[in-house]
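The structure under discussion appears below in the form of structure tokens.
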Amino acid sequence: LSVDTLQFLLFLYVQQLNKVSLRRSLVGEEWPSRRSRSLSLTGKSAAENKNWNDQEHCAFVQSHLSSLLELLLEPEQLPDSSHPTRCSLVSYEAICALSFLIEGTVSRSRRVRPLHQLALWRPCQELNGYSKVSKAFSFPKLESWLRSCLTTNPFGMTACLKIGKKLTWVQQVEGTTRRAKIACRTRVAPEVPPVVMMSQVYKQTLAKSSDTLVGAHVRIHHCNESFIYLLSPLRCVTIEKCWNSTFVLGPVQATVHLQDCDSVKVVVVCHRMSLSSTSGCTLYLLTPTQPLLLSGNQAVSFAPFHTHYPKLEDHMAQVGLATLPNHWDNPLLVGKESGDTGVFRLLPPDDFYGLAVPFEMEGDTTETPGGLPQAYQKVLNQREQKMQLLQKMVKEAGLTRGQRKRFQMLVENKFYDWLVETGNRQQLDSLVP
């Protein structure tokens with residue numbers, strides 16, 4: 001396995017987008033905290049929400065364009081001053097690497113092309129200083145051409161919220177739930193997957209199996225105390241700054257990434273799972289690759305994928321995922337915590353419970369794909385046997401009609417108390433249409 005060196009340099013450079021000043025943090029002016037700030041996705045607070053703001057991305061590239069191009073120059077193109085001159089040339093390989101950050105269209109066509117293809121388009125060659133002899137670009141002309149053409153991503157997060165279709169997937173009631181925002185940016189270009197944004201869903205149950213979600217890039221932000229079921233084949237999912245919530249996802253073709261989340265449960269079949277800066281999260285996975293634990297994670301629990309819905313196996317086939325291999329129990333620690341095995345654990349079988357998807361749809365899947373590991377299946381079987389034994393005891397107890405009624409009332413009251421204590425009452429109440 002390898003990565004392109006020039007692309008990797010660009011990747012490292014753009015990490016400056018979210019620089020944190022340690023000096024400012026000492027006086028309390030700046031420190032990354034998921035609880036201290038409520039980020040806006042509308043662009044009103046761009047400085048606090050750079051990851052999600054395409055305008056911030058464009059401004060960063062505009063202000064650092066010279067440095068980005070200098071980074072890609074061959075050493076002989078830099079004089080002793082270490083700064084480019086009017087004679088400096090940018091190689092075609094450098095433009096290919098810059099396609100990692102920049103792509104575009106010609107004459108507002110719907111086809112999205114990488115930068116290195118646009119740069120060789122004949123009308124553009126005069127503007128960007130391309131020489132057929134050297135097969136390279138003039139540094140000053142290339143920089144000027146890029147500055148004049150750069151604009152924000154019309155298919156990104158900002159565009160999704162501003163001009164995308166608003167989806168009424170949650171109940172807009174008075175109070176905090178009125179802040180909920182769900183929007184979709186449809187597939188306006190063949191190479192660009194649709195984007196679905198979901199923000200600030202609070203104390204609700206949301207369930208969707210929709211064509212809108214098929215092949216979509218789903219971004220979930222600032223949702224808490226909610227239960228979200230997205231039962232369609234997805235392309236990739238980002239869950240950021242959420243807490244005390246459960247996410248049951250359809251099969252994900254690429255990556256599910258969790259960041260800055262607290263006490264979140266994710267149930268998913270996916271190609272890859274990655275986490276950073278999470279605490280107390282539990283992942284129920286079926287994945288052919290090792291889950292990646294990046295920096296800043298605490299008390300992560302891994303468990304086998306443990307649910308099904310009628311169309312699950314059909315959706316898995318659509319995204320090219322099977323039941324084997326399955327590396328849910330073999331996470332890879334990346335970074336400074338790589339030697340700390342206390343970052344994660346495998347969920348003990350005694351703490352493992354099945355999950356029923358409480359929605360009806362047509363389909364052939366009737367059990368968890370691939371089954372469960374023996375230790376976990378054994379615990380579920382034992383609980384089922386206890387339930388059957390209890391039912392048998394009640395049936396053979398010879399209770400009168402009044403006694404059965406009183407016994408039923410006691411059980412229901414006890415169950416209701418348990419629902420309130422665990423917070424599951426809200427989940428059941430919000431399932432009512």
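Chain labels run A, B, ... following the order of the structure tokens; each chain numbers its residues from 1, and ligands are numbered from 1 in the order shown.
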
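The environment of Phe60 (chain A) within 9 Å, counting only C-alpha atoms and disregarding residues fewer than 5 places along the same chain, consists of Val14, Leu17, Gln55 and Leu65 of chain A.
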
How about saving the chosen residues, N, CA and C atoms kept, as a compact mmCIF listing (two decimals), in the first residue's frame?
# COMPACT_ATOMS: atom_id res chain seq x y z
N VAL A 14 -3.36 21.11 4.92
CA VAL A 14 -4.71 21.62 5.15
C VAL A 14 -5.20 21.31 6.57
N LEU A 17 -6.33 24.16 8.90
CA LEU A 17 -7.67 24.76 8.89
C LEU A 17 -8.24 24.86 10.29
N GLN A 55 -17.43 27.61 2.65
CA GLN A 55 -16.90 28.95 2.46
C GLN A 55 -15.56 29.10 3.18
N LEU A 65 -2.89 29.81 -1.15
CA LEU A 65 -2.64 29.21 -2.46
C LEU A 65 -1.16 29.25 -2.83

Distance query Ala136 (chain A) at most 12 Å, only C-alpha atoms, self and fewer than 3 positions along chain excluded, as number ranges by chain: A: 73-74, 77, 87-96, 116, 119-120, 125, 128-133, 139, 141-142

At a cut-off of 12 Å, using only C-alpha atoms, what residues contact Val343 (chain A)? Leave out same-chain residues fewer than 2 positions from it and give the result as a ChimeraX atom specification. /A:275-281,292-302,331-341,345-346

DSSP on the backbone: what in region 113-295 of chain A comes out strand (DSSP E), as an NGL selection string? :A and (113-114 or 130-131 or 136-138 or 165-166 or 181-185 or 195-199 or 205-208 or 217-221 or 227-230 or 236-240 or 246-249 or 252-259 or 265-276 or 282-286 or 292-293)

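Using only C-alpha atoms, the residues found no farther than 9 Å from Leu115 (chain A), other than those of its own chain fewer than 2 positions away, are Ile95, Cys96, Leu98, Ser99, Phe100, Leu101, Ile102, Glu103, Gly104, Arg113, Gln117, Leu118, Ala119 and Leu120 of chain A.
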
Residues within 9 Å of region 303-313 of chain A, please, as an MDAnalysis selection string. Count only C-alpha atoms; anything in the same chain fewer than 6 positions from it doesn't count. chainID A and resid 231:233 250:251 267:269 282:286 322 328:329 346:349 352:369 371:373 376

Contacts of Leu213 (chain A) at 9 Å (only C-alpha atoms; same-chain gap of 5+ positions) as a PyMOL selection string: chain A and resi 184+194-196+208+218+230-235

Selection above as a file: all heavy atoms, as a PDB file, in the first residue's frame:
ATOM      1  N   CYS A 184     -31.542  17.955   2.010  1.00  0.00           N
ATOM      2  CA  CYS A 184     -30.963  17.038   1.027  1.00  0.00           C
ATOM      3  C   CYS A 184     -30.504  17.826  -0.187  1.00  0.00           C
ATOM      4  O   CYS A 184     -31.223  18.686  -0.693  1.00  0.00           O
ATOM      5  CB  CYS A 184     -31.984  15.977   0.614  1.00  0.00           C
ATOM      6  SG  CYS A 184     -31.435  14.935  -0.762  1.00  0.00           S
ATOM      7  N   PRO A 194     -25.521  12.247  -3.642  1.00  0.00           N
ATOM      8  CA  PRO A 194     -26.399  13.169  -2.919  1.00  0.00           C
ATOM      9  C   PRO A 194     -25.935  13.325  -1.475  1.00  0.00           C
ATOM     10  O   PRO A 194     -25.340  12.412  -0.903  1.00  0.00           O
ATOM     11  CB  PRO A 194     -27.768  12.477  -2.996  1.00  0.00           C
ATOM     12  CG  PRO A 194     -27.469  11.047  -3.259  1.00  0.00           C
ATOM     13  CD  PRO A 194     -26.220  11.019  -4.063  1.00  0.00           C
ATOM     14  N   VAL A 195     -26.192  14.482  -0.922  1.00  0.00           N
ATOM     15  CA  VAL A 195     -25.802  14.788   0.459  1.00  0.00           C
ATOM     16  C   VAL A 195     -27.062  14.969   1.295  1.00  0.00           C
ATOM     17  O   VAL A 195     -27.989  15.671   0.885  1.00  0.00           O
ATOM     18  CB  VAL A 195     -24.945  16.075   0.519  1.00  0.00           C
ATOM     19  CG1 VAL A 195     -24.648  16.455   1.966  1.00  0.00           C
ATOM     20  CG2 VAL A 195     -23.645  15.883  -0.254  1.00  0.00           C
ATOM     21  N   VAL A 196     -27.103  14.322   2.453  1.00  0.00           N
ATOM     22  CA  VAL A 196     -28.209  14.508   3.392  1.00  0.00           C
ATOM     23  C   VAL A 196     -27.620  15.028   4.696  1.00  0.00           C
ATOM     24  O   VAL A 196     -26.752  14.394   5.296  1.00  0.00           O
ATOM     25  CB  VAL A 196     -28.986  13.200   3.646  1.00  0.00           C
ATOM     26  CG1 VAL A 196     -30.057  13.412   4.722  1.00  0.00           C
ATOM     27  CG2 VAL A 196     -29.632  12.701   2.354  1.00  0.00           C
ATOM     28  N   LYS A 208     -36.347   6.159   8.543  1.00  0.00           N
ATOM     29  CA  LYS A 208     -36.553   6.371   7.115  1.00  0.00           C
ATOM     30  C   LYS A 208     -35.895   5.253   6.317  1.00  0.00           C
ATOM     31  O   LYS A 208     -34.781   4.828   6.607  1.00  0.00           O
ATOM     32  CB  LYS A 208     -35.963   7.718   6.673  1.00  0.00           C
ATOM     33  CG  LYS A 208     -36.889   8.899   6.921  1.00  0.00           C
ATOM     34  CD  LYS A 208     -38.103   8.853   6.010  1.00  0.00           C
ATOM     35  CE  LYS A 208     -39.129   9.899   6.382  1.00  0.00           C
ATOM     36  NZ  LYS A 208     -40.304   9.841   5.503  1.00  0.00           N
ATOM     37  N   VAL A 218     -24.284  10.900   4.218  1.00  0.00           N
ATOM     38  CA  VAL A 218     -25.118  11.395   5.315  1.00  0.00           C
ATOM     39  C   VAL A 218     -24.218  12.015   6.382  1.00  0.00           C
ATOM     40  O   VAL A 218     -23.260  11.391   6.836  1.00  0.00           O
ATOM     41  CB  VAL A 218     -25.954  10.257   5.935  1.00  0.00           C
ATOM     42  CG1 VAL A 218     -26.816  10.789   7.070  1.00  0.00           C
ATOM     43  CG2 VAL A 218     -26.829   9.602   4.865  1.00  0.00           C
ATOM     44  N   LEU A 230     -31.863   4.788   9.768  1.00  0.00           N
ATOM     45  CA  LEU A 230     -31.756   5.121   8.346  1.00  0.00           C
ATOM     46  C   LEU A 230     -31.548   3.804   7.598  1.00  0.00           C
ATOM     47  O   LEU A 230     -30.422   3.320   7.445  1.00  0.00           O
ATOM     48  CB  LEU A 230     -30.602   6.087   8.102  1.00  0.00           C
ATOM     49  CG  LEU A 230     -30.659   7.404   8.885  1.00  0.00           C
ATOM     50  CD1 LEU A 230     -29.438   8.260   8.579  1.00  0.00           C
ATOM     51  CD2 LEU A 230     -31.947   8.167   8.591  1.00  0.00           C
ATOM     52  N   LEU A 231     -32.648   3.197   7.150  1.00  0.00           N
ATOM     53  CA  LEU A 231     -32.635   1.811   6.669  1.00  0.00           C
ATOM     54  C   LEU A 231     -32.597   1.756   5.149  1.00  0.00           C
ATOM     55  O   LEU A 231     -33.500   1.220   4.496  1.00  0.00           O
ATOM     56  CB  LEU A 231     -33.855   1.072   7.230  1.00  0.00           C
ATOM     57  CG  LEU A 231     -34.017   1.152   8.759  1.00  0.00           C
ATOM     58  CD1 LEU A 231     -35.250   0.398   9.209  1.00  0.00           C
ATOM     59  CD2 LEU A 231     -32.775   0.632   9.469  1.00  0.00           C
ATOM     60  N   SER A 232     -31.556   2.325   4.573  1.00  0.00           N
ATOM     61  CA  SER A 232     -31.316   2.295   3.127  1.00  0.00           C
ATOM     62  C   SER A 232     -29.828   2.087   2.902  1.00  0.00           C
ATOM     63  O   SER A 232     -29.017   2.376   3.795  1.00  0.00           O
ATOM     64  CB  SER A 232     -31.759   3.612   2.476  1.00  0.00           C
ATOM     65  OG  SER A 232     -33.154   3.804   2.590  1.00  0.00           O
ATOM     66  N   PRO A 233     -29.418   1.599   1.721  1.00  0.00           N
ATOM     67  CA  PRO A 233     -27.984   1.484   1.439  1.00  0.00           C
ATOM     68  C   PRO A 233     -27.357   2.863   1.284  1.00  0.00           C
ATOM     69  O   PRO A 233     -27.821   3.673   0.471  1.00  0.00           O
ATOM     70  CB  PRO A 233     -27.943   0.683   0.127  1.00  0.00           C
ATOM     71  CG  PRO A 233     -29.286   0.896  -0.501  1.00  0.00           C
ATOM     72  CD  PRO A 233     -30.255   1.068   0.623  1.00  0.00           C
ATOM     73  N   LEU A 234     -26.324   3.149   2.052  1.00  0.00           N
ATOM     74  CA  LEU A 234     -25.713   4.471   2.103  1.00  0.00           C
ATOM     75  C   LEU A 234     -24.294   4.414   1.537  1.00  0.00           C
ATOM     76  O   LEU A 234     -23.666   3.356   1.488  1.00  0.00           O
ATOM     77  CB  LEU A 234     -25.671   4.974   3.546  1.00  0.00           C
ATOM     78  CG  LEU A 234     -26.989   4.883   4.321  1.00  0.00           C
ATOM     79  CD1 LEU A 234     -26.760   5.184   5.796  1.00  0.00           C
ATOM     80  CD2 LEU A 234     -28.016   5.832   3.739  1.00  0.00           C
ATOM     81  N   ARG A 235     -23.777   5.578   1.151  1.00  0.00           N
ATOM     82  CA  ARG A 235     -22.402   5.615   0.648  1.00  0.00           C
ATOM     83  C   ARG A 235     -21.403   5.819   1.782  1.00  0.00           C
ATOM     84  O   ARG A 235     -20.445   5.085   1.935  1.00  0.00           O
ATOM     85  CB  ARG A 235     -22.228   6.723  -0.395  1.00  0.00           C
ATOM     86  CG  ARG A 235     -20.845   6.721  -1.025  1.00  0.00           C
ATOM     87  CD  ARG A 235     -20.737   7.753  -2.142  1.00  0.00           C
ATOM     88  NE  ARG A 235     -19.455   7.655  -2.808  1.00  0.00           N
ATOM     89  CZ  ARG A 235     -18.341   8.262  -2.396  1.00  0.00           C
ATOM     90  NH1 ARG A 235     -18.365   9.019  -1.302  1.00  0.00           N
ATOM     91  NH2 ARG A 235     -17.202   8.123  -3.050  1.00  0.00           N
TER      92      ARG A 235
END

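Of the listed residues (A:Arg122, A:Lys414, A:Lys392, A:Lys241), A:Lys241 comes nearest to Gln200 (chain A); the distances count only C-alpha atoms.
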
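Atom pair CA of Asp417 (chain A) / CA of Ser263 (chain A): separated by 22.4 Å.
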